[in-house]
>>> print(open('final31.txt').read())   # compact mmCIF, C-alpha atoms and all ligand atoms
# COMPACT_ATOMS: atom_id res chain seq x y z
CA MET A 460 42.54 28.40 129.71
CA THR A 461 45.88 28.27 131.50
CA ASN A 462 48.42 31.00 130.87
CA LYS A 463 50.63 29.09 128.47
CA THR A 464 53.44 31.61 128.72
CA HIS A 465 53.87 30.63 132.35
CA PHE A 466 52.92 26.98 132.09
CA LEU A 467 52.78 25.32 128.67
CA ASP A 468 50.60 22.23 129.01
CA GLU A 469 50.53 20.73 125.52
CA PRO A 470 53.00 19.25 123.00
CA TYR A 471 54.27 21.28 120.02
CA GLY A 472 53.20 24.43 121.82
CA ALA A 473 56.12 26.82 121.21
CA TYR A 474 53.71 29.10 119.30
CA TYR A 475 52.17 30.11 122.61
CA HIS A 476 55.51 31.35 123.91
CA ARG A 477 55.28 34.73 122.22
CA GLU A 478 56.09 36.88 125.13
CA VAL A 479 59.44 37.35 126.84
CA LEU A 480 58.36 38.28 130.33
CA LYS A 481 59.85 41.11 132.35
CA GLU A 482 63.02 40.61 134.35
CA ASP A 483 63.07 40.74 138.14
CA GLU A 484 64.28 44.36 138.28
CA GLU A 485 64.57 44.47 142.04
CA LEU A 486 67.47 41.99 141.84
CA THR A 487 68.87 42.58 138.38
CA ARG A 488 69.50 46.34 138.16
CA VAL A 489 72.72 47.57 139.73
CA GLY A 490 73.21 51.13 138.48
CA PRO A 491 73.19 54.18 140.80
CA GLY A 492 69.80 54.73 142.45
CA THR A 493 68.40 51.26 141.71
CA PRO A 494 67.29 49.14 144.72
CA CYS A 495 69.91 46.42 144.23
CA GLY A 496 72.51 48.97 143.15
CA GLU A 497 72.10 50.84 146.44
CA TYR A 498 72.24 47.56 148.39
CA MET A 499 75.45 46.56 146.60
CA ARG A 500 76.92 49.96 147.40
CA ARG A 501 76.85 49.17 151.14
CA PHE A 502 79.54 46.47 150.85
CA TRP A 503 83.23 46.23 149.95
CA HIS A 504 83.80 44.53 146.58
CA PRO A 505 86.99 43.45 144.81
CA VAL A 506 87.46 45.55 141.68
CA ALA A 507 91.05 44.90 140.54
CA VAL A 508 94.15 42.76 141.08
CA SER A 509 96.92 44.51 143.05
CA ASP A 510 99.69 43.21 140.77
CA ASP A 511 97.95 44.62 137.69
CA LEU A 512 98.51 48.16 138.96
CA LYS A 513 102.02 48.77 137.76
CA GLY A 514 102.78 51.95 135.86
CA LEU A 515 99.59 52.35 133.86
CA PRO A 516 96.08 53.30 134.97
CA LYS A 517 93.26 50.86 134.25
CA ALA A 518 89.76 51.78 133.09
CA ILE A 519 87.12 49.63 134.79
CA ARG A 520 83.35 49.55 135.08
CA ILE A 521 81.72 48.52 138.37
CA LEU A 522 78.01 48.75 139.29
CA GLY A 523 77.39 50.58 136.02
CA GLU A 524 79.96 53.32 136.79
CA ASP A 525 83.02 54.07 134.66
CA LEU A 526 86.10 54.39 136.84
CA VAL A 527 89.88 54.44 136.69
CA VAL A 528 92.08 52.54 139.12
CA PHE A 529 95.80 53.21 139.48
CA ARG A 530 98.75 53.05 141.87
CA ASP A 531 100.71 56.27 142.18
CA GLY A 532 104.47 56.56 142.62
CA SER A 533 104.13 56.48 146.42
CA GLY A 534 102.29 53.13 146.23
CA ALA A 535 98.84 54.54 147.09
CA VAL A 536 95.91 53.11 145.11
CA GLY A 537 93.27 55.47 143.73
CA LEU A 538 89.81 54.69 142.38
CA LEU A 539 88.44 57.78 140.62
CA GLU A 540 85.64 58.60 138.23
CA LEU A 541 86.94 57.89 134.75
CA HIS A 542 86.10 61.29 133.28
CA CYS A 543 88.25 64.22 134.33
CA ALA A 544 86.45 66.92 136.33
CA HIS A 545 87.72 69.56 133.90
CA ARG A 546 86.39 68.56 130.48
CA ALA A 547 85.93 64.82 130.79
CA ALA A 548 89.01 63.32 129.13
CA SER A 549 89.42 59.74 130.29
CA LEU A 550 91.93 59.29 133.09
CA GLU A 551 92.90 55.91 131.60
CA PHE A 552 95.20 58.13 129.49
CA GLY A 553 96.39 59.95 132.59
CA LEU A 554 100.02 59.93 133.65
CA ILE A 555 100.95 58.46 136.99
CA GLU A 556 102.64 60.99 139.28
CA GLU A 557 104.69 60.44 142.42
CA ARG A 558 101.49 61.57 144.11
CA GLY A 559 98.21 61.09 142.21
CA ILE A 560 97.41 61.01 138.50
CA ARG A 561 97.75 63.79 135.89
CA CYS A 562 95.06 64.18 133.23
CA CYS A 563 96.65 63.94 129.79
CA TYR A 564 94.63 66.84 128.35
CA HIS A 565 95.39 69.94 130.47
CA GLY A 566 97.42 68.43 133.28
CA TRP A 567 95.10 68.65 136.27
CA VAL A 568 96.52 66.34 138.93
CA PHE A 569 94.24 64.37 141.26
CA ASP A 570 95.22 62.67 144.51
CA VAL A 571 93.88 59.19 145.32
CA ASP A 572 91.08 60.73 147.41
CA GLY A 573 90.02 63.06 144.58
CA LYS A 574 91.71 66.21 145.90
CA ILE A 575 93.05 68.41 143.12
CA LEU A 576 96.78 68.86 143.62
CA LYS A 577 97.55 70.92 140.49
CA MET A 578 95.63 72.96 137.94
CA PRO A 579 98.35 74.33 135.67
CA GLY A 580 97.81 77.87 134.43
CA VAL A 581 94.36 78.26 136.04
CA GLU A 582 93.60 81.50 137.90
CA GLY A 583 91.58 81.64 141.12
CA ASN A 584 91.11 79.11 143.95
CA LEU A 585 88.92 76.50 142.23
CA LYS A 586 91.69 73.92 142.90
CA ASP A 587 91.01 74.12 146.63
CA ARG A 588 87.24 73.85 146.36
CA LEU A 589 86.57 71.23 143.69
CA TYR A 590 87.17 67.47 143.89
CA GLN A 591 87.36 64.65 141.37
CA GLY A 592 84.93 61.86 142.40
CA ALA A 593 86.80 59.12 144.32
CA TYR A 594 85.98 55.93 146.22
CA PRO A 595 87.93 54.46 149.17
CA VAL A 596 89.90 51.25 148.60
CA VAL A 597 91.76 48.66 150.65
CA GLU A 598 94.19 46.03 149.39
CA LYS A 599 93.73 42.50 150.73
CA TYR A 600 94.74 39.03 149.53
CA GLY A 601 96.30 40.48 146.35
CA LEU A 602 93.06 42.29 145.39
CA VAL A 603 91.87 45.88 145.53
CA PHE A 604 88.50 46.22 147.29
CA ALA A 605 86.33 49.31 146.89
CA TYR A 606 83.47 50.83 148.83
CA MET A 607 81.14 52.76 146.51
CA GLY A 608 78.36 53.70 148.91
CA PRO A 609 77.44 56.79 150.95
CA PRO A 610 80.58 57.93 152.85
CA ASN A 611 78.75 58.09 156.21
CA LYS A 612 77.63 54.44 155.89
CA LYS A 613 81.04 52.92 155.16
CA PRO A 614 81.37 49.59 156.99
CA GLU A 615 84.56 48.02 158.32
CA PHE A 616 86.32 45.65 155.95
CA PRO A 617 85.03 42.10 156.58
CA ASP A 618 88.36 40.27 156.69
CA SER A 619 87.76 36.62 155.75
CA ALA A 620 89.01 33.82 157.99
CA ASN A 621 89.66 31.89 154.78
CA PHE A 622 92.84 33.89 154.25
CA HIS A 623 94.13 33.42 157.78
CA LEU A 624 94.18 29.60 157.79
CA PRO A 625 97.60 28.39 158.93
CA GLY A 626 99.57 26.62 156.17
CA TYR A 627 97.79 28.30 153.25
CA GLN A 628 98.11 31.38 151.06
CA PRO A 629 95.95 32.83 148.29
CA ALA A 630 97.01 31.79 144.78
CA ILE A 631 97.38 34.32 141.95
CA PRO A 632 93.77 35.41 141.25
CA THR A 633 91.94 34.52 138.04
CA VAL A 634 89.70 37.27 136.65
CA ASN A 635 87.06 36.82 133.97
CA VAL A 636 84.27 38.98 132.57
CA TRP A 637 80.98 37.11 132.16
CA PRO A 638 78.57 38.72 129.70
CA CYS A 639 75.50 38.19 131.91
CA ASN A 640 73.59 39.71 134.78
CA TRP A 641 75.02 39.04 138.26
CA PRO A 642 72.19 37.11 140.04
CA GLN A 643 72.30 34.21 137.59
CA ALA A 644 76.01 33.75 138.29
CA LYS A 645 75.32 34.09 142.02
CA ASP A 646 72.37 31.63 141.94
CA ASN A 647 74.80 28.91 140.93
CA ASN A 648 76.62 29.33 144.24
CA MET A 649 73.61 27.78 146.08
CA ASP A 650 72.79 25.21 143.36
CA PRO A 651 74.74 22.07 144.29
CA ALA A 652 72.55 19.89 142.03
CA HIS A 653 74.38 21.16 138.98
CA ALA A 654 77.63 19.58 140.18
CA ALA A 655 76.13 16.10 139.69
CA ILE A 656 75.28 16.89 136.06
CA LEU A 657 77.23 19.79 134.58
CA HIS A 658 80.52 18.99 136.31
CA ASP A 659 80.15 15.30 135.71
CA HIS A 660 80.80 16.03 132.01
CA GLU A 661 84.20 17.24 133.10
CA ALA A 662 84.86 14.29 135.42
CA GLN A 663 83.82 11.82 132.67
CA ASN A 664 86.18 13.47 130.21
CA GLY A 665 89.08 13.72 132.64
CA VAL A 666 89.23 17.52 132.54
CA GLY A 667 88.50 20.14 135.21
CA GLY A 668 91.96 21.34 136.24
CA TYR A 669 92.73 22.58 139.72
CA SER A 670 89.07 23.37 140.38
CA GLY A 671 87.77 20.08 138.90
CA PHE A 672 85.35 17.68 140.55
CA SER A 673 85.93 14.03 141.53
CA PRO A 674 83.62 11.35 140.04
CA ALA A 675 82.01 11.06 143.50
CA PHE A 676 79.97 14.22 142.66
CA ALA A 677 77.87 12.24 140.16
CA ASP A 678 75.74 11.20 143.15
CA PHE A 679 73.23 13.97 143.99
CA GLY A 680 73.31 13.02 147.67
CA VAL A 681 70.77 14.49 150.07
CA MET A 682 70.51 18.28 149.69
CA ASP A 683 69.69 20.88 152.34
CA TRP A 684 70.36 24.56 152.96
CA ALA A 685 70.87 26.65 156.11
CA ASP A 686 71.27 30.31 157.07
CA THR A 687 74.59 31.55 158.45
CA PRO A 688 75.42 34.87 160.18
CA PHE A 689 76.74 36.29 156.87
CA GLY A 690 74.64 34.46 154.27
CA MET A 691 73.86 30.78 153.81
CA VAL A 692 75.26 27.35 152.99
CA TYR A 693 74.17 24.35 151.04
CA ILE A 694 74.59 20.99 152.73
CA VAL A 695 75.11 17.97 150.48
CA THR A 696 75.41 14.66 152.28
CA ARG A 697 76.55 11.57 150.37
CA ARG A 698 77.02 7.94 151.27
CA VAL A 699 80.52 6.63 150.40
CA ASN A 700 80.71 2.98 151.54
CA ASP A 701 80.88 3.06 155.35
CA ASN A 702 81.45 6.82 155.38
CA VAL A 703 79.18 9.83 155.25
CA TRP A 704 80.59 12.87 153.45
CA VAL A 705 79.08 16.26 154.30
CA ARG A 706 79.89 19.14 151.96
CA LEU A 707 79.06 22.73 152.80
CA GLY A 708 79.28 25.32 150.03
CA GLU A 709 78.95 28.88 151.23
CA SER A 710 77.58 32.19 150.06
CA VAL A 711 78.72 35.30 151.96
CA LEU A 712 76.38 38.07 150.94
CA PRO A 713 76.29 39.61 148.58
CA THR A 714 79.14 38.77 146.18
CA ASN A 715 81.50 36.39 147.98
CA MET A 716 81.51 32.57 147.97
CA HIS A 717 83.56 29.74 149.48
CA VAL A 718 83.62 26.49 147.56
CA PRO A 719 85.42 23.59 149.26
CA SER A 720 87.75 21.34 147.28
CA GLY A 721 86.17 19.40 144.43
CA LYS A 722 88.84 16.70 144.70
CA GLU A 723 87.11 15.21 147.78
CA ASP A 724 85.80 11.68 147.26
CA GLY A 725 84.62 10.87 150.78
CA LYS A 726 86.89 7.82 151.18
CA GLU A 727 89.09 9.12 154.03
CA VAL A 728 87.58 10.16 157.34
CA HIS A 729 88.53 13.73 158.34
CA GLU A 730 87.40 16.79 160.28
CA PRO A 731 85.93 19.81 158.41
CA ASP A 732 88.78 21.16 156.26
CA PHE A 733 87.61 24.75 155.55
CA VAL A 734 90.09 25.03 152.67
CA SER A 735 88.03 26.88 150.11
CA GLY A 736 88.27 28.23 146.67
CA ALA A 737 87.06 31.75 147.34
CA GLY A 738 85.33 33.68 144.61
CA TRP A 739 83.49 36.92 143.99
CA LEU A 740 80.80 37.81 141.48
CA VAL A 741 80.81 41.58 141.20
CA PRO A 742 78.36 43.37 138.91
CA ILE A 743 80.13 45.35 136.18
CA ASP A 744 76.75 46.54 134.89
CA ASP A 745 73.34 44.96 134.28
CA GLU A 746 74.69 42.61 131.61
CA HIS A 747 78.26 41.92 132.74
CA THR A 748 79.73 40.32 135.84
CA LEU A 749 83.31 40.28 137.09
CA ARG A 750 84.21 36.80 138.27
CA ILE A 751 87.28 36.61 140.50
CA ASP A 752 88.56 33.20 141.65
CA LEU A 753 91.08 33.13 144.46
CA VAL A 754 91.84 29.60 145.63
CA LEU A 755 94.00 28.67 148.59
CA ILE A 756 97.31 26.92 147.97
CA PRO A 757 99.85 25.58 150.49
CA ASP A 758 102.17 28.33 151.74
CA THR A 759 105.17 26.08 151.06
CA VAL A 760 104.88 26.50 147.28
CA GLU A 761 105.62 29.56 145.18
CA ARG A 762 102.43 31.46 144.32
CA PHE A 763 100.99 30.34 141.01
CA GLN A 764 97.79 30.76 139.01
CA PRO A 765 95.80 27.50 139.13
CA GLU A 766 93.88 26.37 136.08
CA ILE A 767 90.17 27.07 136.68
CA TYR A 768 88.21 25.06 134.13
CA GLY A 769 85.13 26.28 132.31
CA GLN A 770 84.87 29.71 133.96
CA ASP A 771 85.48 31.75 130.80
CA GLY A 772 84.38 31.88 127.18
CA ASN A 773 87.87 31.37 125.75
CA ARG A 774 87.58 27.64 125.05
CA PRO A 775 86.92 26.60 121.42
CA TYR A 776 83.18 26.68 120.70
CA GLU A 777 83.03 22.97 119.84
CA LEU A 778 84.73 22.06 123.11
CA ARG A 779 82.27 24.29 124.98
CA GLN A 780 79.47 22.31 123.29
CA ARG A 781 81.00 18.90 123.96
CA ILE A 782 82.10 19.58 127.55
CA PRO A 783 80.05 22.59 128.66
CA SER A 784 80.75 24.13 132.05
CA ASP A 785 79.62 26.91 134.38
CA TYR A 786 80.31 29.82 132.01
CA ASP A 787 78.39 28.18 129.16
CA ALA A 788 75.38 27.22 131.28
CA GLN A 789 75.04 30.50 133.13
CA VAL A 790 75.87 33.02 130.41
CA SER A 791 73.43 31.22 128.09
CA GLN A 792 70.52 31.85 130.49
CA ARG A 793 70.13 35.15 128.50
CA PRO A 794 72.07 38.39 129.14
CA ILE A 795 69.58 38.90 132.00
CA ALA A 796 67.93 35.64 133.12
CA ILE A 797 64.18 36.10 133.52
CA HIS A 798 62.94 34.63 136.77
CA ALA A 799 59.28 34.77 135.73
CA MET A 800 60.05 32.24 132.98
CA GLU A 801 61.71 29.67 135.23
CA ARG A 802 60.08 26.56 136.70
CA LEU A 803 61.70 26.31 140.11
CA VAL A 804 61.65 22.79 141.56
CA SER A 805 62.80 20.96 144.69
CA THR A 806 66.48 21.16 143.67
CA ASP A 807 66.20 24.98 143.45
CA LYS A 808 65.37 25.55 147.12
CA GLY A 809 68.76 27.15 147.73
CA VAL A 810 68.31 29.53 144.80
CA ILE A 811 64.97 30.65 146.24
CA MET A 812 66.49 31.14 149.72
CA LEU A 813 69.42 33.09 148.31
CA ARG A 814 67.22 35.44 146.31
CA ASN A 815 65.07 36.03 149.38
CA LEU A 816 68.13 36.92 151.45
CA ILE A 817 69.26 39.41 148.81
CA ARG A 818 65.77 40.86 148.64
CA GLU A 819 65.71 41.27 152.43
CA GLY A 820 69.00 43.17 152.22
CA ILE A 821 67.71 45.40 149.43
CA ARG A 822 64.58 46.22 151.40
CA ALA A 823 66.53 46.88 154.61
CA VAL A 824 68.55 49.52 152.74
CA GLN A 825 65.31 51.01 151.42
CA ARG A 826 64.01 51.27 155.00
CA GLY A 827 67.18 53.16 155.94
CA GLU A 828 68.74 50.23 157.85
CA ASP A 829 72.06 48.41 157.51
CA PRO A 830 71.56 45.30 155.37
CA PRO A 831 72.42 41.94 157.05
CA GLY A 832 76.13 41.12 156.77
CA ILE A 833 77.47 44.63 157.39
CA VAL A 834 80.48 44.69 159.73
CA ARG A 835 80.77 47.64 162.14
CA GLU A 836 83.42 46.27 164.53
CA PRO A 837 87.01 47.10 163.40
CA TYR A 838 89.32 44.15 162.58
CA THR A 839 86.46 41.67 162.42
CA ILE A 840 87.46 38.32 160.97
CA VAL A 841 84.44 36.76 159.31
CA PRO A 842 84.33 32.98 159.80
CA THR A 843 83.84 30.69 156.81
CA TYR A 844 81.81 27.50 156.82
CA GLY A 845 82.57 26.08 153.36
CA SER A 846 84.09 22.64 154.06
CA ASN A 847 84.21 18.93 153.40
CA THR A 848 83.78 16.59 156.41
CA VAL A 849 83.93 12.79 156.27
CA ILE A 850 82.64 10.65 159.16
CA HIS A 851 82.62 6.87 159.61
CA ILE A 852 78.91 5.94 159.79
CA PRO A 853 77.92 2.58 158.26
CA PRO A 854 74.67 2.46 156.26
CA ALA A 855 71.27 2.05 157.93
CA PRO A 856 69.41 -1.20 157.10
CA THR A 857 67.12 0.19 154.39
CA GLU A 858 67.58 2.81 151.71
CA GLU A 859 64.87 4.98 153.23
CA GLU A 860 66.37 4.83 156.69
CA ASP A 861 69.79 5.58 155.25
CA GLU A 862 68.46 8.66 153.48
CA ARG A 863 67.04 9.86 156.77
CA LEU A 864 70.37 9.10 158.47
CA LEU A 865 72.21 11.12 155.81
CA ARG A 866 69.87 14.09 156.16
CA GLU A 867 70.15 14.11 159.95
CA THR A 868 73.91 13.74 159.82
CA GLY A 869 74.25 16.59 157.31
CA GLN A 870 72.10 18.91 159.39
CA ARG A 871 73.92 17.98 162.60
CA VAL A 872 77.36 18.54 161.07
CA ALA A 873 76.25 21.87 159.54
CA THR A 874 74.81 23.06 162.86
CA GLN A 875 77.99 22.09 164.71
CA ILE A 876 80.13 23.89 162.14
CA ILE A 877 78.01 27.05 162.10
CA GLU A 878 77.46 27.24 165.87
CA GLY A 879 81.10 26.27 166.49
CA GLY A 880 82.34 29.35 164.62
CA GLY A 881 83.39 27.60 161.40
CA SER A 882 86.99 28.15 160.36
CA HIS A 883 87.53 30.65 163.21
CA ARG A 884 88.73 27.93 165.52
CA LEU A 885 91.61 27.02 163.20
CA ILE A 886 93.04 30.54 163.36
CA PRO A 887 95.66 31.09 166.05
CA ASP A 888 95.73 34.38 168.05
CA ARG A 889 92.63 35.85 166.60
S1 LIG B 901 90.09 67.41 130.56
FE1 LIG B 901 91.37 66.81 132.16
S2 LIG B 901 92.59 68.52 132.54
FE2 LIG B 901 91.29 69.16 130.95
FE FE B 902 79.82 24.88 138.89
>>> encode(input="final31.txt", output="structure tokens")
Amino acid sequence: MTNKTHFLDEPYGAYYHREVLKEDEELTRVGPGTPCGEYMRRFWHPVAVSDDLKGLPKAIRILGEDLVVFRDGSGAVGLLELHCAHRAASLEFGLIEERGIRCCYHGWVFDVDGKILKMPGVEGNLKDRLYQGAYPVVEKYGLVFAYMGPPNKKPEFPDSANFHLPGYQPAIPTVNVWPCNWPQAKDNNMDPAHAAILHDHEAQNGVGGYSGFSPAFADFGVMDWADTPFGMVYIVTRRVNDNVWVRLGESVLPTNMHVPSGKEDGKEVHEPDFVSGAGWLVPIDDEHTLRIDLVLIPDTVERFQPEIYGQDGNRPYELRQRIPSDYDAQVSQRPIAIHAMERLVSTDKGVIMLRNLIREGIRAVQRGEDPPGIVREPYTIVPTYGSNTVIHIPPAPTEEEDERLLRETGQRVATQIIEGGGSHRLIPDR
């Protein structure tokens, strides 16, 4: 008898699906001491929006840890453990000082690095020996990035070439909390097949906003995937009349992605554009993910917050049912999607590759090594490869030959882009 939980091979067989199998804990758990949690703690992650830090501290949860983020009167940003070192009152009720934050309960004052500046009325020298737990931060692109790993392993900040492209600036970021485990949101980043189905609902209904997809995405195209120095890309190559359109979507491990414009329709020939909607999927805890979208806009316009369709649960339920989008599909895969209950097929090759890359990183950390993608050289600008390219190449005589032509063209363009340094070459005076 086959194991019907894994592979149901008869009609009306739901009865056999008794068991909910175990999750893939190596990838899904992110708390302190877990394999993926320790891997995640080797990278810088965005945890807050710079402009949100005005006057009041903000309680946040990242990688299963409760923290407070604030900007003190001198402009310095602090990321501290939420519970006060004295008797655990939450520092979200703390008062911002010219330097540091003052606990509301007994007035202990903590600097942004955790040093105790004041301990009113307390005898002895405890103040000079004890620290509040703190994590280092940097502000970039209007976001606050944190490093939550071992202090002696702190990497350099991997500055993204995406935000150095001449003529562009980051828009006002959009932040949403997704009530689901992080890998299922991340899987989507290497799953271009869904654009032809899920996002076609949006194209058909004339919605999609700034991030929307053109009707040209309804064609699956020829799909491929390739490794990059900092992660991987998908390569989708489509025939548009006498043109071939090559689209590279990019995953920078572990939480960053670069999605080229969805407005592309392949009708106009052009070089790789590298103008991406950047995003991050940062684990809040095992069942919640912080999604930050930060698209590029021309630097000639005033900064605004573009409409990002379908990336939150705030739409009316009926509309979510009639025109479902990414949030609805991915959050509904269960709070923690169970990989053992999936049936991965040819369109999921990128998902398999991505999970393997993450697993390699997790295991490198377990062996005591730096995971792939760690930057040790100061001021490194990490190239991006996410792009649309359109080339004039008329169709081959038969459908089969044309498919081969598309695949070869896609692979050639991707290799040229990756080996040519991606968006690096567009950045002056690097
Ligand atoms: S609990 Fe914070 S100062 Fe006492
Ligand atoms: Fe999507």
>>> residues_around(input="final31.txt", residues="region 674-689 of chain A", least_positions_apart="4", cutoff="7 Å", atoms="all atoms listed in the file", output="list of chain:residue names")
A:Ala652, A:Ala654, A:Ala655, A:Ile656, A:Asp659, A:Ala662, A:Tyr693, A:Ile694, A:Val695, A:Thr696, A:Arg697, A:Val711, A:Leu712, A:Asp724, A:Gly809, A:Gly832, A:Leu865, A:Arg866, A:Ile877
>>> atom_distance(input="final31.txt", atom1="CA of Ala535 (chain A)", atom2="CA of Asp758 (chain A)")
26.8 Å
>>> closest_residue(input="final31.txt", among="A:Val479, A:Ala548, A:Met499, A:Leu541", to="ligand LIG 901 (chain B)", atoms="all atoms listed in the file")
A:Ala548
>>> residues_near_ligand(input="final31.txt", ligand="ligand LIG 901 (chain B)", cutoff="7 Å", atoms="only C-alpha atoms and all ligand atoms", output="list in words")
Cys543, Ala544, His545, Arg546, Ala547, Ala548, Cys562, Cys563, Tyr564, His565, Gly566 and Trp567 of chain A
>>> atom_distance(input="final31.txt", atom1="CA of Tyr606 (chain A)", atom2="CA of Glu540 (chain A)")
13.3 Å
>>> closest_residue(input="final31.txt", among="A:Gly845, A:Pro830, A:Gly820, A:Pro651", to="ligand FE 902 (chain B)", atoms="all atoms listed in the file")
A:Pro651
>>> residues_around(input="final31.txt", residues="region 633-641 of chain A", least_positions_apart="2", cutoff="10 Å", atoms="all atoms listed in the file", output="ChimeraX atom specification")
/A:486-489,506-508,630-631,643-646,714,738-754,764-767,770-773,786-787,789-796
>>> residues_near_ligand(input="final31.txt", ligand="ligand FE 902 (chain B)", cutoff="7 Å", atoms="all atoms listed in the file", output="list in words")
Asn647, His653, Ala654, His658, Ser784 and Asp785 of chain A
>>> decode(input="final31.txt", residues="region 605-620 of chain A", atoms="N, CA and C atoms", output="PDB file, in the first residue's frame")
ATOM      1  N   ALA A 605      19.503  46.102  11.576  1.00  0.00           N
ATOM      2  CA  ALA A 605      20.095  45.624  12.826  1.00  0.00           C
ATOM      3  C   ALA A 605      20.930  44.377  12.566  1.00  0.00           C
ATOM      4  N   TYR A 606      21.971  44.225  13.399  1.00  0.00           N
ATOM      5  CA  TYR A 606      22.729  42.975  13.418  1.00  0.00           C
ATOM      6  C   TYR A 606      22.530  42.347  14.791  1.00  0.00           C
ATOM      7  N   MET A 607      21.966  41.143  14.828  1.00  0.00           N
ATOM      8  CA  MET A 607      21.579  40.508  16.086  1.00  0.00           C
ATOM      9  C   MET A 607      22.409  39.262  16.405  1.00  0.00           C
ATOM     10  N   GLY A 608      23.571  39.162  15.765  1.00  0.00           N
ATOM     11  CA  GLY A 608      24.393  37.969  15.958  1.00  0.00           C
ATOM     12  C   GLY A 608      25.507  38.176  16.968  1.00  0.00           C
ATOM     13  N   PRO A 609      26.432  37.195  17.052  1.00  0.00           N
ATOM     14  CA  PRO A 609      27.562  37.306  17.973  1.00  0.00           C
ATOM     15  C   PRO A 609      28.393  38.536  17.614  1.00  0.00           C
ATOM     16  N   PRO A 610      28.746  39.386  18.607  1.00  0.00           N
ATOM     17  CA  PRO A 610      29.481  40.629  18.300  1.00  0.00           C
ATOM     18  C   PRO A 610      30.774  40.396  17.509  1.00  0.00           C
ATOM     19  N   ASN A 611      31.488  39.306  17.783  1.00  0.00           N
ATOM     20  CA  ASN A 611      32.769  39.098  17.094  1.00  0.00           C
ATOM     21  C   ASN A 611      32.605  38.569  15.667  1.00  0.00           C
ATOM     22  N   LYS A 612      31.369  38.343  15.227  1.00  0.00           N
ATOM     23  CA  LYS A 612      31.130  37.856  13.856  1.00  0.00           C
ATOM     24  C   LYS A 612      30.451  38.916  12.998  1.00  0.00           C
ATOM     25  N   LYS A 613      30.333  40.125  13.503  1.00  0.00           N
ATOM     26  CA  LYS A 613      29.554  41.154  12.793  1.00  0.00           C
ATOM     27  C   LYS A 613      30.143  41.439  11.415  1.00  0.00           C
ATOM     28  N   PRO A 614      29.360  41.265  10.344  1.00  0.00           N
ATOM     29  CA  PRO A 614      29.874  41.559   9.008  1.00  0.00           C
ATOM     30  C   PRO A 614      29.773  43.050   8.688  1.00  0.00           C
ATOM     31  N   GLU A 615      30.393  43.453   7.591  1.00  0.00           N
ATOM     32  CA  GLU A 615      30.182  44.808   7.079  1.00  0.00           C
ATOM     33  C   GLU A 615      28.757  44.908   6.540  1.00  0.00           C
ATOM     34  N   PHE A 616      28.258  46.135   6.423  1.00  0.00           N
ATOM     35  CA  PHE A 616      26.922  46.302   5.864  1.00  0.00           C
ATOM     36  C   PHE A 616      26.987  46.105   4.348  1.00  0.00           C
ATOM     37  N   PRO A 617      26.150  45.213   3.800  1.00  0.00           N
ATOM     38  CA  PRO A 617      26.195  44.975   2.345  1.00  0.00           C
ATOM     39  C   PRO A 617      25.357  46.019   1.600  1.00  0.00           C
ATOM     40  N   ASP A 618      25.988  47.152   1.310  1.00  0.00           N
ATOM     41  CA  ASP A 618      25.270  48.258   0.655  1.00  0.00           C
ATOM     42  C   ASP A 618      24.834  47.816  -0.742  1.00  0.00           C
ATOM     43  N   SER A 619      23.554  48.000  -1.065  1.00  0.00           N
ATOM     44  CA  SER A 619      23.023  47.486  -2.327  1.00  0.00           C
ATOM     45  C   SER A 619      23.162  48.489  -3.463  1.00  0.00           C
ATOM     46  N   ALA A 620      23.695  48.006  -4.594  1.00  0.00           N
ATOM     47  CA  ALA A 620      23.841  48.854  -5.775  1.00  0.00           C
ATOM     48  C   ALA A 620      22.507  49.428  -6.219  1.00  0.00           C
TER      49      ALA A 620
END
